[in-house]
$ cat protein03.tsv   # TSV, C-alpha atoms
chain	number	residue	atom	x	y	z
G	1	PRO	CA	110.63	95.71	101.84
G	2	GLY	CA	112.10	92.33	101.04
G	3	HIS	CA	109.92	90.91	98.31
G	4	THR	CA	110.36	93.53	95.60
G	5	PRO	CA	110.86	97.31	95.55
G	6	GLY	CA	107.61	99.15	96.17
G	7	ALA	CA	105.74	96.17	97.61
G	8	VAL	CA	103.09	97.23	100.13
G	9	SER	CA	100.55	95.79	102.54
G	10	TYR	CA	97.19	97.35	103.38
G	11	LEU	CA	95.23	97.34	106.62
G	12	LEU	CA	91.51	97.74	105.95
G	13	ASP	CA	89.17	98.80	108.73
G	14	GLY	CA	91.91	98.03	111.24
G	15	VAL	CA	91.24	94.28	111.05
G	16	TYR	CA	91.86	92.98	107.51
G	17	LEU	CA	95.55	92.83	106.60
G	18	PHE	CA	96.14	92.43	102.88
G	19	THR	CA	99.81	91.44	102.68
G	20	GLY	CA	100.24	90.99	98.96
G	21	ASP	CA	103.46	89.00	98.55
G	22	ALA	CA	104.98	90.04	101.89
G	23	LEU	CA	104.36	86.58	103.32
G	24	ALA	CA	102.89	83.17	102.69
G	25	LEU	CA	100.60	81.05	104.85
G	26	GLU	CA	100.92	77.30	105.19
G	27	ASN	CA	98.42	75.65	107.55
G	28	ASP	CA	97.87	79.02	109.29
G	29	LYS	CA	101.64	79.42	109.79
G	30	ILE	CA	103.47	82.42	108.37
G	31	GLU	CA	106.45	81.83	106.10
G	32	THR	CA	108.41	84.23	103.95
G	33	PHE	CA	107.19	84.36	100.38
G	34	ASN	CA	108.52	81.86	97.84
G	35	GLU	CA	112.32	82.27	98.00
G	36	THR	CA	112.56	82.37	94.21
G	37	PHE	CA	110.82	85.73	94.23
G	38	VAL	CA	112.17	87.31	97.43
G	39	MET	CA	114.94	89.80	96.73
G	40	ASP	CA	116.14	90.10	100.34
G	41	GLU	CA	115.20	87.36	102.81
G	42	GLU	CA	116.36	89.31	105.88
G	43	LYS	CA	114.33	92.39	104.95
G	44	ALA	CA	111.34	90.17	104.21
G	45	ARG	CA	111.51	88.72	107.74
G	46	GLU	CA	111.88	92.21	109.20
G	47	SER	CA	108.80	93.33	107.29
G	48	ILE	CA	106.79	90.42	108.66
G	49	LEU	CA	107.93	91.27	112.18
G	50	ARG	CA	106.81	94.88	111.63
G	51	LEU	CA	103.40	93.67	110.44
G	52	ALA	CA	103.19	91.55	113.59
G	53	THR	CA	103.22	94.71	115.72
G	54	LEU	CA	99.87	95.84	114.31
G	55	LYS	CA	97.13	95.58	116.91
G	56	GLY	CA	93.63	94.30	116.26
G	57	VAL	CA	94.33	92.38	113.05
G	58	LYS	CA	91.73	89.62	112.73
G	59	MET	CA	92.44	88.29	109.25
G	60	ILE	CA	95.53	88.00	107.07
G	61	LEU	CA	94.91	87.80	103.33
G	62	THR	CA	97.86	87.01	101.06
G	63	ALA	CA	98.04	87.42	97.29
G	64	HIS	CA	98.93	83.81	96.50
G	65	TYR	CA	99.41	81.72	99.62
G	66	GLY	CA	96.32	81.68	101.76
G	67	VAL	CA	94.09	83.43	104.23
G	68	THR	CA	93.79	83.01	107.98
G	69	GLU	CA	91.41	84.27	110.62
G	70	ARG	CA	94.03	83.43	113.27
G	71	ALA	CA	96.29	86.43	112.76
G	72	ASP	CA	97.48	86.72	116.38
G	73	GLU	CA	98.36	83.04	116.56
G	74	ALA	CA	100.11	83.10	113.17
G	75	PHE	CA	102.22	86.13	114.07
G	76	SER	CA	103.07	84.75	117.53
G	77	GLU	CA	104.17	81.45	116.06
G	78	PHE	CA	106.31	83.22	113.43
G	79	ILE	CA	107.96	85.38	116.09
G	80	SER	CA	108.76	82.31	118.19
G	81	ARG	CA	110.78	80.85	115.30
G	82	GLN	CA	112.95	83.94	114.85
$ encode --input "protein03.tsv" --output "C-alpha cells"
Amino acid sequence: PGHTPGAVSYLLDGVYLFTGDALALENDKIETFNETFVMDEEKARESILRLATLKGVKMILTAHYGVTERADEAFSEFISRQ
C-alpha cells in the first residue's frame, strides 16, 4: 500500500525482492517512489518498513529506479532516517 491500490512486491527464492514501484533506489539508498505517483506517502513508508523485516533478502530490484545487491545496508539506512 502507498503507491497505488493493488500494488505488490514479490520475493523470489527468498533472496530476490522485486518491489515494483514500492520504492526507489538512489546510490543504493532507499527512497519512497516518485512523489508525483505516490497516493499515500505515509503508507508507502510503512510498506517499505514492512519489506525491511524480510530476512535473507540479497537483492532489491525496482521497476524504474535501480537495483542493489546491498539490501541489508539499504534497508538499515532507510530505517535510520525514519
$ residues_near_point --input "protein03.tsv" --point "(97.9, 87.7, 113.3)" --cutoff "7 Å" --atoms "all atoms listed in the file" --output "list of chain:residue names"
G:Ala52, G:Val57, G:Lys58, G:Met59, G:Ile60, G:Arg70, G:Ala71, G:Asp72, G:Glu73, G:Ala74, G:Phe75
$ atom_distance --input "protein03.tsv" --atom1 "atom CA of G:Glu31" --atom2 "atom CA of G:Ala7"
16.7 Å
$ residues_around --input "protein03.tsv" --residues "G:Met39" --least-positions-apart "3" --cutoff "12 Å" --atoms "all atoms listed in the file" --output "compact mmCIF listing (two decimals) with C-alpha atoms, in the frame of the given file"
# COMPACT_ATOMS: atom_id res chain seq x y z
CA PRO G 1 110.63 95.71 101.84
CA GLY G 2 112.10 92.33 101.04
CA HIS G 3 109.92 90.91 98.31
CA THR G 4 110.36 93.53 95.60
CA PRO G 5 110.86 97.31 95.55
CA GLY G 6 107.61 99.15 96.17
CA ALA G 7 105.74 96.17 97.61
CA ASP G 21 103.46 89.00 98.55
CA ALA G 22 104.98 90.04 101.89
CA THR G 32 108.41 84.23 103.95
CA PHE G 33 107.19 84.36 100.38
CA ASN G 34 108.52 81.86 97.84
CA GLU G 35 112.32 82.27 98.00
CA THR G 36 112.56 82.37 94.21
CA GLU G 42 116.36 89.31 105.88
CA LYS G 43 114.33 92.39 104.95
CA ALA G 44 111.34 90.17 104.21
CA ARG G 45 111.51 88.72 107.74
$ closest_residue --input "protein03.tsv" --among "G:Asp28, G:Thr19, G:Gly14, G:Lys55" --to "G:Glu77" --atoms "only C-alpha atoms"
G:Asp28
$ atom_distance --input "protein03.tsv" --atom1 "atom CA of G:Phe37" --atom2 "atom CA of G:Leu25"
15.5 Å
